[in-house]
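Chemist: One structure is given below, represented as structure tokens, and several questions about it will come after.
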2 protein chains.
Amino acid sequence: MKTPRPISAPPRKRAPSKRALATKRRVFDAAEKVFAERGFDGATIRDIAAEAGEPVGTIHHHGGGKEALFHQVVARRAETLAQLRLTTLEAVTSQPDHRLEEILSAFVRPFFDLARDDPRWQHYARLVAFVSADPRWAKISETCFDPVAQVFVQAICERLPQKSKDQVAEGLVFTVSAMLAVLTSQHRFDTLGAVPAKTSSQMEHLIAFAAAGFQT
Amino acid sequence: MKTPRPISAPPRKRAPSKRALATKRRVFDAAEKVFAERGFDGATIRDIAAEAGEPVGTIHHHGGGKEALFHQVVARRAETLAQLRLTTLEAVTSQPDHRLEEILSAFVRPFFDLARDDPRWQHYARLVAFVSADPRWAKISETCFDPVAQVFVQAICERLPQKSKDQVAEGLVFTVSAMLAVLTSQHRFDTLGAVPAKTSSQMEHLIAFAAAGFQT
DNA sequence: GTCTATATGTAGATAGAC
DNA sequence: GTCTATCTACATATAGAC
């Protein structure tokens, strides 16, 4: 049972100061970058501390241990991404004659747009790729990303009534895999293709590729 | 300059005994499994030793250090996979009216077939997924997998003359990403779809999906 | 909240007996 | 080739001064 806190008594936990919040943000940004570059096991608290310009103890204080820090860093931007995807989808599906490409774009494009200019979102994309690939983090995926994916599966099903939910889910997994490759594995394209490609056009190509695949 | 070894002098390196070769194979199989489950940084020499049922020193003796061991384990099965893909492709392109699906199948199917019954090839698939995703191992990908991928890019280009090499390379990266997802991330499909899907049908769906994407 | 110092465990690697 | 014992380094985590 929760006991309400008397107005005059000292709060159990004071609101953090502006300075403390700024420190925490620096710690999280640094963790995001280091985890993205080296993965969970390859990253060390000391690397993160050096990147943040903070002593090692501070990382533990704000992160609550390596694994808790990892969880929090992944969850931190998930809500922003989810909202952006859902409002974009809403704008599409409110049109009676919307196209499949627009639905897929609502899923893929927000992530590209965020990552295009902000290096922190580029780090986050790499982090998401790690989380998606490793069964060890399946629980994080389920809470942070699957609910929105389910909404998109539903939207695609309504647009393609002849397809089963399983077929659509399958196609979305294909699409997400390719999306993460574009966001995080530029080197793969550069070694196979003739000229280095631009991410923005890759995104358009991916949407067209996937739309054709879904409609098979 | 190489000095030829006189027939009567002792060789610099004796041929390994049958027993030594068997030990080495056990070490590599164990390393393959542990690296696949935990990634390079998450795996430890001691885990590998325990899995192989060998003392720690033996792992170093046959592997030559953690990173060298990793390289060797990835390279070990690459040649088998490459040959199987190339001969399958050969059989397809020797037919004058072959279909795009058959080319893609020649790339995707051998890996599925090997992994279907042999757990060691399943481990290897996970390992390849790790290697493909991490820029840190880009050099390994370039030597082990890119040459064959180039051949397939060429074959697809000849089948789709209206497409540029870059477009085809892009599509193949999309396809490889999705293929590795099917081979290694069954949990992704299970949480999104309604019923757990079978890998073999997923492979067929992937080929159809990708073929439609290429022909857009 | 911040920082220093330290406790405790375990990593990769090797030397040398067998 | 195989195995035991050990070296050295660095990991996470925490205790306690400020």
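Ordering of the structure tokens sets the chain letters (A, B, ...), residue numbers begin anew at 1 in every chain, and ligands are numbered from 1 in the order given.
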Would you kindly report the residues of chain C within 9 Å of chain B, using only C-alpha atoms (C1' of nucleotides), as a short mmCIF file (atom, residue, chain, number, x, y, z; two decimals) with C-alpha atoms (C1' of nucleotides), in the first residue's frame?
Modeler:
```
data_model
loop_
_atom_site.label_atom_id
_atom_site.label_comp_id
_atom_site.auth_asym_id
_atom_site.auth_seq_id
_atom_site.Cartn_x
_atom_site.Cartn_y
_atom_site.Cartn_z
"C1'" DA C 11 39.90 -12.61 -18.31
"C1'" DG C 12 43.80 -14.03 -21.89
"C1'" DA C 13 48.12 -15.80 -22.11
"C1'" DT C 14 52.29 -18.63 -21.11
#
```
Chemist: Within 12 Å of Ala22 of chain A, counting only C-alpha atoms (C1' of nucleotides), which residues qualify if same-chain residues fewer than 6 places away don't, as a compact mmCIF listing (two decimals) with C-alpha atoms (C1' of nucleotides), in the first residue's frame?
Modeler:
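Produced file part22.txt, reproduced below:
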```txt
# COMPACT_ATOMS: atom_id res chain seq x y z
CA PRO A 16 17.26 15.85 -9.22
CA PHE A 28 23.54 7.89 -21.02
CA ASP A 29 24.80 9.48 -24.24
CA ALA A 52 31.46 10.83 -20.58
CA GLU A 54 33.10 11.29 -15.52
CA HIS A 62 23.28 6.87 -12.58
C1' DG C 1 25.65 13.98 -6.20
```
Chemist: Taking only C-alpha atoms into account, produce a table as a tab-separated table in which each residue of chain B with an atom at most 6 Å from an atom of chain A appears once, together with its shortest atom pair and the distance in Å to one decimal, ordered by chain and rising number.
Modeler:
```
residue	atom	partner	partner_atom	distance
B:Asp41	CA	A:Gly42	CA	5.3
B:Gly42	CA	A:Asp41	CA	5.3
B:Asp166	CA	A:Gly193	CA	4.7
B:Ala169	CA	A:Gly193	CA	5.3
B:Phe174	CA	A:Ala178	CA	4.7
B:Ser177	CA	A:Ser177	CA	5.5
B:Ala178	CA	A:Phe174	CA	4.7
B:Leu192	CA	A:Ala169	CA	5.7
B:Gly193	CA	A:Asp166	CA	4.8
B:Ala194	CA	A:Asp166	CA	5.9
B:Phe209	CA	A:Gly213	CA	4.0
B:Ala212	CA	A:Gly213	CA	5.1
B:Gly213	CA	A:Phe209	CA	4.0
```
Chemist: Using the selection just defined, write its residues with C-alpha atoms as a compact mmCIF listing (two decimals), in the first residue's frame.
Modeler:
```
# COMPACT_ATOMS: atom_id res chain seq x y z
CA ASP B 41 33.51 -10.60 -26.57
CA GLY B 42 30.96 -12.59 -24.61
CA ASP B 166 24.41 -0.88 -57.59
CA ALA B 169 24.04 -5.16 -54.97
CA PHE B 174 18.56 -6.70 -48.32
CA SER B 177 19.98 -9.52 -44.11
CA ALA B 178 16.61 -11.19 -44.28
CA LEU B 192 5.13 -11.01 -34.29
CA GLY B 193 3.20 -13.72 -36.08
CA ALA B 194 0.22 -15.74 -34.99
CA PHE B 209 9.69 -11.75 -51.55
CA ALA B 212 9.56 -9.45 -56.44
CA GLY B 213 11.67 -6.74 -54.84
```
Chemist: Give me the residues within 12 Å of DG16 of chain C as a PyMOL selection string, counting only C-alpha atoms (C1' of nucleotides) and dropping any in the same chain fewer than 6 places off.
Modeler: chain D and resi 3-6
Chemist: Enumerate, in order of chain and increasing residue number, the residues of chain B with an atom no farther than 9 Å from chain D, each with its shortest atom pair and distance in Å to one decimal, counting only C-alpha atoms (C1' of nucleotides), as a tab-separated table.
Modeler:
```
residue	atom	partner	partner_atom	distance
B:Ala20	CA	D:DG1	C1'	6.9
B:Glu54	CA	D:DC3	C1'	8.9
B:Pro55	CA	D:DC3	C1'	6.5
B:Val56	CA	D:DC3	C1'	8.6
B:Gly57	CA	D:DC3	C1'	7.2
B:Thr58	CA	D:DT2	C1'	7.0
B:His61	CA	D:DG1	C1'	8.9
```
Chemist: By how many Å are atom CA of Lys33 of chain B and atom CA of Asp118 of chain B apart?
Modeler: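 Distance between the two atoms: 12.2 Å.
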Chemist: If we count only C-alpha atoms (C1' of nucleotides) and set the cut-off at 8 Å, which residues sit around Phe107 of chain B, ignoring sequence neighbours fewer than 5 positions away in its own chain? Please answer as a list in words.
Modeler: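 Residues near the query, excluding close chain neighbours: Arg85, Leu89 and Phe152 of chain B.
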Chemist: Next, dump the selected residues to file, keeping only N, CA and C atoms, as a compact mmCIF listing (two decimals), in the first residue's frame.
Modeler:
```txt
# COMPACT_ATOMS: atom_id res chain seq x y z
N ARG B 85 27.37 -23.05 -53.17
CA ARG B 85 26.61 -21.98 -53.81
C ARG B 85 26.98 -21.87 -55.30
N LEU B 89 24.64 -22.45 -58.50
CA LEU B 89 24.41 -21.34 -59.45
C LEU B 89 24.73 -21.77 -60.87
N PHE B 152 27.26 -13.65 -57.68
CA PHE B 152 25.79 -13.63 -57.76
C PHE B 152 25.27 -12.28 -58.25
```
Chemist: Determine which residues of segment 25-106 of chain B receive a DSSP assignment of alpha helix (DSSP H), computed from the backbone, and state them as a PyMOL selection string.
Modeler: chain B and resi 25-42+45-52+56-63+66-93+100-106
Chemist: Excluding segment 71-81 of chain A and its own-chain neighbours fewer than 6 positions away, which residues fall within 9 Å of it when counting only C-alpha atoms (C1' of nucleotides)? Please give them as a VMD selection string.
Modeler: chain A and resid 28 to 29 31 to 32 63 110 to 111 114 121 124 127 to 128 131 140 143 to 145
Chemist: Using atom CA of Glu204 of chain B and atom CA of Lys163 of chain B as the two end points, give the distance in Å to one decimal.
Modeler: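 Rounded to one decimal, the two atoms are 23.6 Å apart.
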